[in-house]
Structures are given as C-alpha cells and as structure tokens.
>>> print(open('model_5.pdb').read())   # PDB, C-alpha atoms, pLDDT in the B column
ATOM      1  CA  MET C 283      18.147  -9.153 -21.876  1.00 92.00           C
ATOM      2  CA  LEU C 284      19.856  -7.665 -18.820  1.00 95.00           C
ATOM      3  CA  GLU C 285      22.680  -5.971 -20.728  1.00 96.00           C
ATOM      4  CA  TYR C 286      21.249  -2.439 -20.432  1.00 96.00           C
ATOM      5  CA  GLU C 287      20.310  -2.917 -16.779  1.00 97.00           C
ATOM      6  CA  GLN C 288      23.799  -4.202 -15.927  1.00 96.00           C
ATOM      7  CA  GLN C 289      25.373  -1.206 -17.666  1.00 97.00           C
ATOM      8  CA  MET C 290      23.189   1.169 -15.642  1.00 97.00           C
ATOM      9  CA  LEU C 291      24.074  -0.622 -12.389  1.00 96.00           C
ATOM     10  CA  LYS C 292      27.746  -0.311 -13.350  1.00 97.00           C
ATOM     11  CA  ASP C 293      27.197   3.429 -13.917  1.00 97.00           C
ATOM     12  CA  GLY C 294      25.934   3.736 -10.338  1.00 97.00           C
ATOM     13  CA  TYR C 295      22.157   3.698 -10.870  1.00 97.00           C
ATOM     14  CA  LYS C 296      20.270   1.611  -8.346  1.00 96.00           C
ATOM     15  CA  TYR C 297      16.533   1.823  -9.076  1.00 97.00           C
ATOM     16  CA  ILE C 298      16.123   1.088 -12.795  1.00 98.00           C
ATOM     17  CA  ALA C 299      12.620   1.212 -14.247  1.00 98.00           C
ATOM     18  CA  GLY C 300      11.421  -0.139 -17.562  1.00 98.00           C
ATOM     19  CA  ILE C 301       8.555   1.664 -19.304  1.00 97.00           C
ATOM     20  CA  ASP C 302       6.419   0.556 -22.238  1.00 96.00           C
ATOM     21  CA  GLU C 303       2.940   1.076 -23.641  1.00 97.00           C
ATOM     22  CA  ALA C 304       0.179  -0.950 -25.236  1.00 97.00           C
ATOM     23  CA  GLY C 305      -2.434   0.396 -27.591  1.00 97.00           C
ATOM     24  CA  ARG C 306      -0.896   3.158 -29.655  1.00 96.00           C
ATOM     25  CA  GLY C 307      -2.397   1.818 -32.876  1.00 96.00           C
ATOM     26  CA  PRO C 308      -6.034   0.838 -32.141  1.00 98.00           C
ATOM     27  CA  LEU C 309      -9.109   2.698 -33.325  1.00 98.00           C
ATOM     28  CA  ALA C 310     -10.755   2.390 -29.908  1.00 98.00           C
ATOM     29  CA  GLY C 311      -9.893   2.425 -26.219  1.00 98.00           C
ATOM     30  CA  PRO C 312      -7.097   3.969 -24.170  1.00 98.00           C
ATOM     31  CA  VAL C 313      -3.346   3.756 -24.456  1.00 98.00           C
ATOM     32  CA  VAL C 314      -1.930   2.003 -21.384  1.00 98.00           C
ATOM     33  CA  VAL C 315       1.571   2.741 -20.084  1.00 98.00           C
ATOM     34  CA  ALA C 316       3.290   0.613 -17.451  1.00 98.00           C
ATOM     35  CA  SER C 317       6.471   1.181 -15.469  1.00 98.00           C
ATOM     36  CA  VAL C 318       8.165  -1.496 -13.384  1.00 98.00           C
ATOM     37  CA  ILE C 319      11.290  -1.691 -11.261  1.00 98.00           C
ATOM     38  CA  MET C 320      12.253  -5.356 -11.252  1.00 97.00           C
ATOM     39  CA  LEU C 321      14.420  -7.394  -8.939  1.00 94.00           C
ATOM     40  CA  LEU C 322      17.422  -7.880 -11.235  1.00 94.00           C
ATOM     41  CA  ASP C 323      19.298 -10.569  -9.318  1.00 92.00           C
ATOM     42  CA  ASN C 324      16.395 -13.017  -9.631  1.00 91.00           C
ATOM     43  CA  PRO C 325      15.002 -12.601 -13.163  1.00 95.00           C
ATOM     44  CA  ILE C 326      11.679 -14.236 -14.039  1.00 97.00           C
ATOM     45  CA  ASP C 327      12.147 -16.903 -16.695  1.00 95.00           C
ATOM     46  CA  GLY C 328      10.289 -16.343 -19.981  1.00 95.00           C
ATOM     47  CA  ILE C 329       9.954 -12.548 -19.901  1.00 95.00           C
ATOM     48  CA  ASN C 330      10.069 -11.222 -23.455  1.00 90.00           C
ATOM     49  CA  ASP C 331       8.418  -8.657 -25.726  1.00 86.00           C
ATOM     50  CA  SER C 332       4.680  -9.097 -24.979  1.00 89.00           C
ATOM     51  CA  LYS C 333       3.923  -9.322 -28.722  1.00 89.00           C
ATOM     52  CA  LYS C 334       5.968 -12.539 -28.895  1.00 92.00           C
ATOM     53  CA  LEU C 335       4.004 -14.269 -26.115  1.00 94.00           C
ATOM     54  CA  SER C 336       0.618 -15.992 -26.080  1.00 95.00           C
ATOM     55  CA  ALA C 337      -2.180 -14.431 -24.018  1.00 94.00           C
ATOM     56  CA  LYS C 338      -1.989 -17.353 -21.574  1.00 96.00           C
ATOM     57  CA  LYS C 339       1.776 -16.914 -21.109  1.00 97.00           C
ATOM     58  CA  ARG C 340       1.368 -13.126 -20.676  1.00 97.00           C
ATOM     59  CA  ASP C 341      -1.255 -13.643 -17.960  1.00 97.00           C
ATOM     60  CA  MET C 342       1.026 -16.064 -16.100  1.00 97.00           C
ATOM     61  CA  LEU C 343       4.029 -13.710 -16.338  1.00 98.00           C
ATOM     62  CA  TYR C 344       1.881 -10.701 -15.376  1.00 98.00           C
ATOM     63  CA  ASP C 345       1.066 -12.328 -12.025  1.00 97.00           C
ATOM     64  CA  LYS C 346       4.745 -13.083 -11.393  1.00 98.00           C
ATOM     65  CA  ILE C 347       5.852  -9.555 -12.355  1.00 98.00           C
ATOM     66  CA  VAL C 348       3.255  -7.869 -10.121  1.00 97.00           C
ATOM     67  CA  LYS C 349       4.282 -10.114  -7.231  1.00 97.00           C
ATOM     68  CA  GLN C 350       8.034  -9.595  -7.653  1.00 97.00           C
ATOM     69  CA  ALA C 351       8.306  -5.957  -8.788  1.00 97.00           C
ATOM     70  CA  LEU C 352       9.973  -3.568  -6.338  1.00 97.00           C
ATOM     71  CA  ASP C 353       7.635  -0.875  -7.654  1.00 98.00           C
ATOM     72  CA  LEU C 354       5.043  -0.603 -10.393  1.00 98.00           C
ATOM     73  CA  HIS C 355       2.655   1.971 -11.821  1.00 98.00           C
ATOM     74  CA  VAL C 356       0.139   1.819 -14.663  1.00 98.00           C
ATOM     75  CA  ALA C 357      -1.204   4.942 -16.413  1.00 98.00           C
ATOM     76  CA  ILE C 358      -4.390   4.686 -18.485  1.00 98.00           C
ATOM     77  CA  VAL C 359      -4.766   7.563 -20.944  1.00 98.00           C
ATOM     78  CA  SER C 360      -8.264   7.781 -22.402  1.00 98.00           C
ATOM     79  CA  GLU C 361      -9.306   8.003 -26.035  1.00 98.00           C
ATOM     80  CA  LYS C 362     -10.552  11.554 -25.297  1.00 98.00           C
ATOM     81  CA  VAL C 363      -7.063  12.671 -24.259  1.00 98.00           C
ATOM     82  CA  ILE C 364      -5.633  10.910 -27.342  1.00 98.00           C
ATOM     83  CA  ASP C 365      -8.065  12.880 -29.524  1.00 97.00           C
ATOM     84  CA  ASP C 366      -7.179  16.141 -27.746  1.00 98.00           C
ATOM     85  CA  ILE C 367      -3.378  15.973 -27.735  1.00 98.00           C
ATOM     86  CA  ASN C 368      -2.560  13.140 -30.245  1.00 98.00           C
ATOM     87  CA  ILE C 369      -1.323   9.623 -29.564  1.00 97.00           C
ATOM     88  CA  LEU C 370       2.388  10.424 -29.154  1.00 97.00           C
ATOM     89  CA  ASN C 371       1.725  13.174 -26.589  1.00 97.00           C
ATOM     90  CA  ALA C 372      -0.837  10.992 -24.808  1.00 98.00           C
ATOM     91  CA  THR C 373       1.760   8.202 -24.592  1.00 97.00           C
ATOM     92  CA  LYS C 374       4.379  10.633 -23.257  1.00 97.00           C
ATOM     93  CA  GLN C 375       1.875  11.949 -20.708  1.00 98.00           C
ATOM     94  CA  GLY C 376       1.329   8.391 -19.477  1.00 98.00           C
ATOM     95  CA  MET C 377       5.075   7.768 -19.304  1.00 97.00           C
ATOM     96  CA  LEU C 378       5.726  10.941 -17.312  1.00 97.00           C
ATOM     97  CA  GLU C 379       2.922   9.994 -14.903  1.00 97.00           C
ATOM     98  CA  CYS C 380       4.533   6.559 -14.480  1.00 97.00           C
ATOM     99  CA  ILE C 381       7.932   8.062 -13.631  1.00 96.00           C
ATOM    100  CA  GLU C 382       6.350  10.544 -11.222  1.00 96.00           C
ATOM    101  CA  LYS C 383       4.403   7.846  -9.360  1.00 97.00           C
ATOM    102  CA  LEU C 384       7.336   5.477  -8.782  1.00 97.00           C
ATOM    103  CA  LYS C 385       8.572   5.853  -5.211  1.00 94.00           C
ATOM    104  CA  LYS C 386      12.267   5.417  -5.984  1.00 93.00           C
ATOM    105  CA  VAL C 387      13.646   5.692  -9.490  1.00 96.00           C
ATOM    106  CA  ASP C 388      16.976   7.033 -10.673  1.00 94.00           C
ATOM    107  CA  CYS C 389      17.081   5.650 -14.228  1.00 97.00           C
ATOM    108  CA  VAL C 390      14.411   4.760 -16.785  1.00 97.00           C
ATOM    109  CA  LEU C 391      14.758   2.484 -19.817  1.00 97.00           C
ATOM    110  CA  ILE C 392      12.114   3.332 -22.433  1.00 96.00           C
ATOM    111  CA  ASP C 393      11.058   1.620 -25.635  1.00 89.00           C
ATOM    112  CA  ALA C 394      11.966   4.096 -28.416  1.00 87.00           C
ATOM    113  CA  VAL C 395      10.269   7.256 -27.021  1.00 89.00           C
ATOM    114  CA  LYS C 396      12.380  10.221 -25.863  1.00 89.00           C
ATOM    115  CA  LEU C 397      11.140  12.056 -22.770  1.00 93.00           C
ATOM    116  CA  ASN C 398      11.907  15.412 -21.211  1.00 92.00           C
ATOM    117  CA  THR C 399      12.323  14.658 -17.500  1.00 93.00           C
ATOM    118  CA  ASP C 400      14.810  15.202 -14.688  1.00 93.00           C
ATOM    119  CA  VAL C 401      15.289  11.451 -14.266  1.00 95.00           C
ATOM    120  CA  LYS C 402      18.002   9.786 -16.365  1.00 95.00           C
ATOM    121  CA  THR C 403      16.292   8.147 -19.377  1.00 96.00           C
ATOM    122  CA  VAL C 404      17.675   5.761 -21.971  1.00 96.00           C
ATOM    123  CA  SER C 405      15.616   5.351 -25.148  1.00 95.00           C
ATOM    124  CA  ILE C 406      16.150   1.929 -26.741  1.00 96.00           C
ATOM    125  CA  ILE C 407      14.833   1.055 -30.212  1.00 94.00           C
ATOM    126  CA  HIS C 408      13.004  -2.320 -29.948  1.00 93.00           C
ATOM    127  CA  GLY C 409      13.598  -2.022 -26.210  1.00 93.00           C
ATOM    128  CA  ASP C 410      10.798  -4.481 -25.422  1.00 92.00           C
ATOM    129  CA  ALA C 411      12.870  -7.193 -27.133  1.00 93.00           C
ATOM    130  CA  LEU C 412      16.252  -6.057 -25.741  1.00 96.00           C
ATOM    131  CA  SER C 413      15.648  -5.050 -22.115  1.00 97.00           C
ATOM    132  CA  TYR C 414      14.247  -7.268 -19.366  1.00 97.00           C
ATOM    133  CA  SER C 415      12.694  -4.291 -17.516  1.00 97.00           C
ATOM    134  CA  ILE C 416      11.019  -2.881 -20.650  1.00 97.00           C
ATOM    135  CA  ALA C 417       9.739  -6.363 -21.608  1.00 97.00           C
ATOM    136  CA  ALA C 418       8.234  -6.748 -18.118  1.00 97.00           C
ATOM    137  CA  ALA C 419       6.546  -3.341 -18.497  1.00 97.00           C
ATOM    138  CA  SER C 420       5.258  -4.320 -21.952  1.00 96.00           C
ATOM    139  CA  ILE C 421       3.581  -7.419 -20.460  1.00 97.00           C
ATOM    140  CA  VAL C 422       1.926  -5.412 -17.662  1.00 98.00           C
ATOM    141  CA  ALA C 423       0.699  -2.779 -20.151  1.00 98.00           C
ATOM    142  CA  LYS C 424      -0.619  -5.341 -22.648  1.00 97.00           C
ATOM    143  CA  VAL C 425      -2.416  -7.511 -20.074  1.00 98.00           C
ATOM    144  CA  THR C 426      -3.949  -4.436 -18.401  1.00 98.00           C
ATOM    145  CA  ARG C 427      -5.202  -3.072 -21.729  1.00 98.00           C
ATOM    146  CA  ASP C 428      -6.527  -6.430 -22.939  1.00 98.00           C
ATOM    147  CA  ARG C 429      -8.518  -6.800 -19.701  1.00 98.00           C
ATOM    148  CA  LEU C 430      -9.946  -3.285 -20.140  1.00 98.00           C
ATOM    149  CA  MET C 431     -11.013  -4.154 -23.672  1.00 98.00           C
ATOM    150  CA  LEU C 432     -12.743  -7.326 -22.398  1.00 98.00           C
ATOM    151  CA  ASP C 433     -14.735  -5.091 -20.032  1.00 98.00           C
ATOM    152  CA  TYR C 434     -15.592  -2.749 -22.920  1.00 98.00           C
ATOM    153  CA  ASP C 435     -16.712  -5.784 -24.927  1.00 98.00           C
ATOM    154  CA  LYS C 436     -19.432  -6.373 -22.307  1.00 98.00           C
ATOM    155  CA  GLN C 437     -20.555  -2.737 -22.604  1.00 98.00           C
ATOM    156  CA  TYR C 438     -20.435  -2.617 -26.413  1.00 98.00           C
ATOM    157  CA  PRO C 439     -20.819  -6.258 -27.550  1.00 98.00           C
ATOM    158  CA  GLN C 440     -21.694  -5.349 -31.153  1.00 98.00           C
ATOM    159  CA  TYR C 441     -18.040  -4.403 -31.909  1.00 98.00           C
ATOM    160  CA  ASN C 442     -16.450  -7.671 -30.703  1.00 98.00           C
ATOM    161  CA  PHE C 443     -13.689  -5.837 -28.757  1.00 98.00           C
ATOM    162  CA  ALA C 444     -12.826  -9.107 -26.960  1.00 97.00           C
ATOM    163  CA  LYS C 445     -11.457 -10.461 -30.223  1.00 97.00           C
ATOM    164  CA  HIS C 446      -9.577  -7.548 -31.818  1.00 97.00           C
ATOM    165  CA  LYS C 447      -9.004  -5.325 -28.707  1.00 97.00           C
ATOM    166  CA  GLY C 448      -9.903  -2.193 -30.668  1.00 98.00           C
ATOM    167  CA  TYR C 449      -7.311  -2.646 -33.430  1.00 97.00           C
ATOM    168  CA  GLY C 450      -8.357  -1.822 -36.988  1.00 96.00           C
ATOM    169  CA  THR C 451      -9.009  -5.346 -38.234  1.00 97.00           C
ATOM    170  CA  ALA C 452     -11.254  -5.902 -41.253  1.00 97.00           C
ATOM    171  CA  GLU C 453     -13.983  -7.179 -38.919  1.00 97.00           C
ATOM    172  CA  HIS C 454     -13.729  -4.152 -36.619  1.00 97.00           C
ATOM    173  CA  ILE C 455     -13.886  -1.697 -39.545  1.00 97.00           C
ATOM    174  CA  LYS C 456     -16.911  -3.555 -40.951  1.00 97.00           C
ATOM    175  CA  LEU C 457     -18.705  -3.349 -37.561  1.00 97.00           C
ATOM    176  CA  LEU C 458     -17.699   0.298 -37.130  1.00 97.00           C
ATOM    177  CA  LYS C 459     -19.279   1.117 -40.511  1.00 96.00           C
ATOM    178  CA  GLU C 460     -22.366  -0.914 -39.619  1.00 96.00           C
ATOM    179  CA  TYR C 461     -23.005   0.524 -36.124  1.00 96.00           C
ATOM    180  CA  GLY C 462     -21.113   3.828 -36.218  1.00 95.00           C
ATOM    181  CA  PRO C 463     -18.680   4.855 -33.452  1.00 96.00           C
ATOM    182  CA  CYS C 464     -19.282   4.214 -29.762  1.00 96.00           C
ATOM    183  CA  PRO C 465     -17.980   6.457 -26.917  1.00 96.00           C
ATOM    184  CA  ILE C 466     -14.566   4.723 -26.756  1.00 98.00           C
ATOM    185  CA  HIS C 467     -13.720   5.075 -30.451  1.00 97.00           C
ATOM    186  CA  ARG C 468     -10.892   7.518 -31.133  1.00 97.00           C
ATOM    187  CA  ARG C 469     -12.428  10.226 -33.286  1.00 96.00           C
ATOM    188  CA  SER C 470      -8.995  11.267 -34.589  1.00 96.00           C
ATOM    189  CA  PHE C 471      -8.373   7.691 -35.821  1.00 96.00           C
ATOM    190  CA  ILE C 472     -11.667   6.655 -37.434  1.00 96.00           C
ATOM    191  CA  GLY C 473     -12.272   9.517 -39.878  1.00 91.00           C
ATOM    192  CA  ASN C 474     -11.077   7.403 -42.818  1.00 88.00           C
ATOM    193  CA  PHE C 475     -13.776   4.810 -42.163  1.00 90.00           C
ATOM    194  CA  VAL C 476     -16.884   6.643 -40.914  1.00 89.00           C
ATOM    195  CA  LYS C 477     -18.244  10.155 -40.685  1.00 85.00           C
ATOM    196  CA  VAL C 478     -17.227  11.663 -37.369  1.00 80.00           C
ATOM    197  CA  ASP C 479     -19.415  14.229 -35.619  1.00 71.00           C
ATOM    198  CA  GLU C 480     -17.566  17.451 -34.868  1.00 54.00           C
TER     199      GLU C 480
END
>>> encode(input="model_5.pdb", output="structure tokens")
Amino acid sequence: MLEYEQQMLKDGYKYIAGIDEAGRGPLAGPVVVASVIMLLDNPIDGINDSKKLSAKKRDMLYDKIVKQALDLHVAIVSEKVIDDINILNATKQGMLECIEKLKKVDCVLIDAVKLNTDVKTVSIIHGDALSYSIAAASIVAKVTRDRLMLDYDKQYPQYNFAKHKGYGTAEHIKLLKEYGPCPIHRRSFIGNFVKVDE
C-alpha cells in the first residue's frame, strides 16, 4: 500500500498527505474529511480501507495514527453547507481546508476526487484500498464521524443514529417518516422520503 507514496518520494516530494472523507451518502449529519501525513518508514500494521475494518479495529488504529502522524487535520462540513452547495462541493471544501491547515505539505494523495489547488494532487480511484496515507485518513475520518453520530444519538435518540450513523437504512427511513426530520437531517437528501419545509 506504499507504492504511490514511494513513487512520490522518488519524484522528490517529501511531505505526502493522504486525504479521504466519511459520510457522503447519509441522510443526516456532516461529511467529515481527514488529512494525514504519515511516517512512511515505520508503517502501522493493519491500516486498510476503513470500510474493511471492524469498529473496534478502527478505534485502535485511530489512536495509533493520531499518535504517529507528522501532521493531521480534520474538517467537519455541516449538513447545512451540504444542502447549500451540494455534497461534492462540500466534500471538496473540506479537502481544501485540510490541505490549507497542514503545516508542511508538498503532495496530496486523494481518494477519487479531483481538486483545484496549488499543491500537487494525485487522484486515485479506490485510493483508500491502494494507498497507506489515504487509508489512514479514511480511518480518522470514519472514527471522527462515527463519534459525532454517537453524540447526536444522545440529542435525538428517537432516530437511533448510534446504530446506522445517519445512513438511509430501512430502520432510519421508517423513523424519519414517523418523527419527521430533525435539525441534522440533510434537506436535500430526504425529499424522497418525507415532506421538507422550504
């Protein structure tokens, strides 16, 4: 999983960041983007696409990543911004914030998205499964978002956010129809299921 990173090092780039997001698809909650610059000569064992890991394994790796990362930034883009500028633009906004906030970065590996920025970017399809740095970012983004959704579950217990994390499961759609939307539901996403106030 270090093939892309090694190529970038060979090309003369020193500070290589991986960027990924969690939460593009849910009906509720923010999209979370994480960027990490990892120590490449001492890779953490077990880092992989966050979707392929159990929650327990992600939590364990998250702690190791945060401890070892040379630099790290997390951008949380709210459901209101998603509704205003759409999910792709909201994701890009989070990614650009992440690049801007890193102290030293000269190359960014991104999962699939193309960005317009002065920093060298490499867009990799299925990057979270092919690049160590992107996989590390995917774990940080996923764990951060899951923890946010657990907090929201305490605020809005009737929707069971702790279980489905805002994704459009049959249970979530049933509860959404039963209780109507709460403040963190994405109005631009839920129109097919409930009437949305203008």
>>> resolve_selection(input="model_5.pdb", expression="the PyMOL selection byres ((chain C and resi 328-345) around 10)", output="PyMOL selection string")
chain C and resi 283+304+325-327+346-350+408-426+428
>>> residues_around(input="model_5.pdb", residues="Arg427 in chain C", least_positions_apart="4", cutoff="12 Å", atoms="all atoms listed in the file", output="number ranges by chain")
C: 303-306, 308, 310-316, 337, 341, 356-360, 420-423, 431-434, 443-444, 446-449
>>> atom_distance(input="model_5.pdb", atom1="CA of Gln375 in chain C", atom2="CA of Val404 in chain C")
17.0 Å
>>> atom_distance(input="model_5.pdb", atom1="CA of Ile319 in chain C", atom2="CA of Val363 in chain C")
26.7 Å
>>> atom_distance(input="model_5.pdb", atom1="CA of Asp323 in chain C", atom2="CA of Leu352 in chain C")
12.0 Å
>>> closest_residue(input="model_5.pdb", among="C:Leu284, C:Ala394, C:Leu354, C:Cys389", to="Leu370 in chain C", atoms="all atoms listed in the file")
C:Ala394
>>> closest_residue(input="model_5.pdb", among="C:Ser317, C:Asn324, C:Asn368, C:Asn474", to="Lys383 in chain C", atoms="all atoms listed in the file")
C:Ser317
>>> decode(input="model_5.pdb", residues="range 390-407 of chain C", atoms="N, CA and C atoms", output="PDB file, in the first residue's frame")
ATOM      1  N   VAL C 390      -0.367  15.667  -2.298  1.00  0.00           N
ATOM      2  CA  VAL C 390      -1.566  15.108  -1.660  1.00  0.00           C
ATOM      3  C   VAL C 390      -2.121  13.962  -2.499  1.00  0.00           C
ATOM      4  N   LEU C 391      -2.325  12.827  -1.843  1.00  0.00           N
ATOM      5  CA  LEU C 391      -2.977  11.668  -2.478  1.00  0.00           C
ATOM      6  C   LEU C 391      -4.437  11.684  -2.032  1.00  0.00           C
ATOM      7  N   ILE C 392      -5.349  11.666  -2.996  1.00  0.00           N
ATOM      8  CA  ILE C 392      -6.784  11.803  -2.694  1.00  0.00           C
ATOM      9  C   ILE C 392      -7.552  10.620  -3.255  1.00  0.00           C
ATOM     10  N   ASP C 393      -8.559  10.184  -2.504  1.00  0.00           N
ATOM     11  CA  ASP C 393      -9.415   9.104  -2.987  1.00  0.00           C
ATOM     12  C   ASP C 393     -10.417   9.649  -4.009  1.00  0.00           C
ATOM     13  N   ALA C 394     -10.122   9.427  -5.270  1.00  0.00           N
ATOM     14  CA  ALA C 394     -11.033   9.678  -6.414  1.00  0.00           C
ATOM     15  C   ALA C 394     -11.314  11.144  -6.780  1.00  0.00           C
ATOM     16  N   VAL C 395     -11.433  12.036  -5.815  1.00  0.00           N
ATOM     17  CA  VAL C 395     -11.841  13.429  -6.105  1.00  0.00           C
ATOM     18  C   VAL C 395     -10.684  14.215  -6.733  1.00  0.00           C
ATOM     19  N   LYS C 396     -11.028  15.078  -7.696  1.00  0.00           N
ATOM     20  CA  LYS C 396     -10.024  15.974  -8.298  1.00  0.00           C
ATOM     21  C   LYS C 396     -10.199  17.369  -7.691  1.00  0.00           C
ATOM     22  N   LEU C 397      -9.090  17.974  -7.288  1.00  0.00           N
ATOM     23  CA  LEU C 397      -9.146  19.285  -6.644  1.00  0.00           C
ATOM     24  C   LEU C 397      -8.364  20.320  -7.419  1.00  0.00           C
ATOM     25  N   ASN C 398      -8.812  21.568  -7.319  1.00  0.00           N
ATOM     26  CA  ASN C 398      -8.095  22.679  -7.934  1.00  0.00           C
ATOM     27  C   ASN C 398      -7.308  23.398  -6.833  1.00  0.00           C
ATOM     28  N   THR C 399      -6.016  23.097  -6.741  1.00  0.00           N
ATOM     29  CA  THR C 399      -5.179  23.681  -5.696  1.00  0.00           C
ATOM     30  C   THR C 399      -3.737  23.794  -6.198  1.00  0.00           C
ATOM     31  N   ASP C 400      -2.983  24.668  -5.562  1.00  0.00           N
ATOM     32  CA  ASP C 400      -1.583  24.857  -5.966  1.00  0.00           C
ATOM     33  C   ASP C 400      -0.695  23.683  -5.571  1.00  0.00           C
ATOM     34  N   VAL C 401      -1.130  22.901  -4.615  1.00  0.00           N
ATOM     35  CA  VAL C 401      -0.338  21.755  -4.148  1.00  0.00           C
ATOM     36  C   VAL C 401      -0.514  20.595  -5.140  1.00  0.00           C
ATOM     37  N   LYS C 402       0.542  19.862  -5.386  1.00  0.00           N
ATOM     38  CA  LYS C 402       0.487  18.696  -6.270  1.00  0.00           C
ATOM     39  C   LYS C 402      -0.518  17.680  -5.706  1.00  0.00           C
ATOM     40  N   THR C 403      -1.522  17.300  -6.508  1.00  0.00           N
ATOM     41  CA  THR C 403      -2.502  16.307  -6.066  1.00  0.00           C
ATOM     42  C   THR C 403      -2.529  15.121  -7.015  1.00  0.00           C
ATOM     43  N   VAL C 404      -2.716  13.948  -6.452  1.00  0.00           N
ATOM     44  CA  VAL C 404      -2.853  12.727  -7.248  1.00  0.00           C
ATOM     45  C   VAL C 404      -4.172  12.079  -6.836  1.00  0.00           C
ATOM     46  N   SER C 405      -5.095  11.989  -7.801  1.00  0.00           N
ATOM     47  CA  SER C 405      -6.407  11.390  -7.532  1.00  0.00           C
ATOM     48  C   SER C 405      -6.342   9.906  -7.875  1.00  0.00           C
ATOM     49  N   ILE C 406      -6.656   9.059  -6.888  1.00  0.00           N
ATOM     50  CA  ILE C 406      -6.528   7.608  -7.070  1.00  0.00           C
ATOM     51  C   ILE C 406      -7.896   6.961  -6.855  1.00  0.00           C
ATOM     52  N   ILE C 407      -8.392   6.283  -7.901  1.00  0.00           N
ATOM     53  CA  ILE C 407      -9.667   5.556  -7.768  1.00  0.00           C
ATOM     54  C   ILE C 407      -9.446   4.417  -6.778  1.00  0.00           C
TER      55      ILE C 407
END
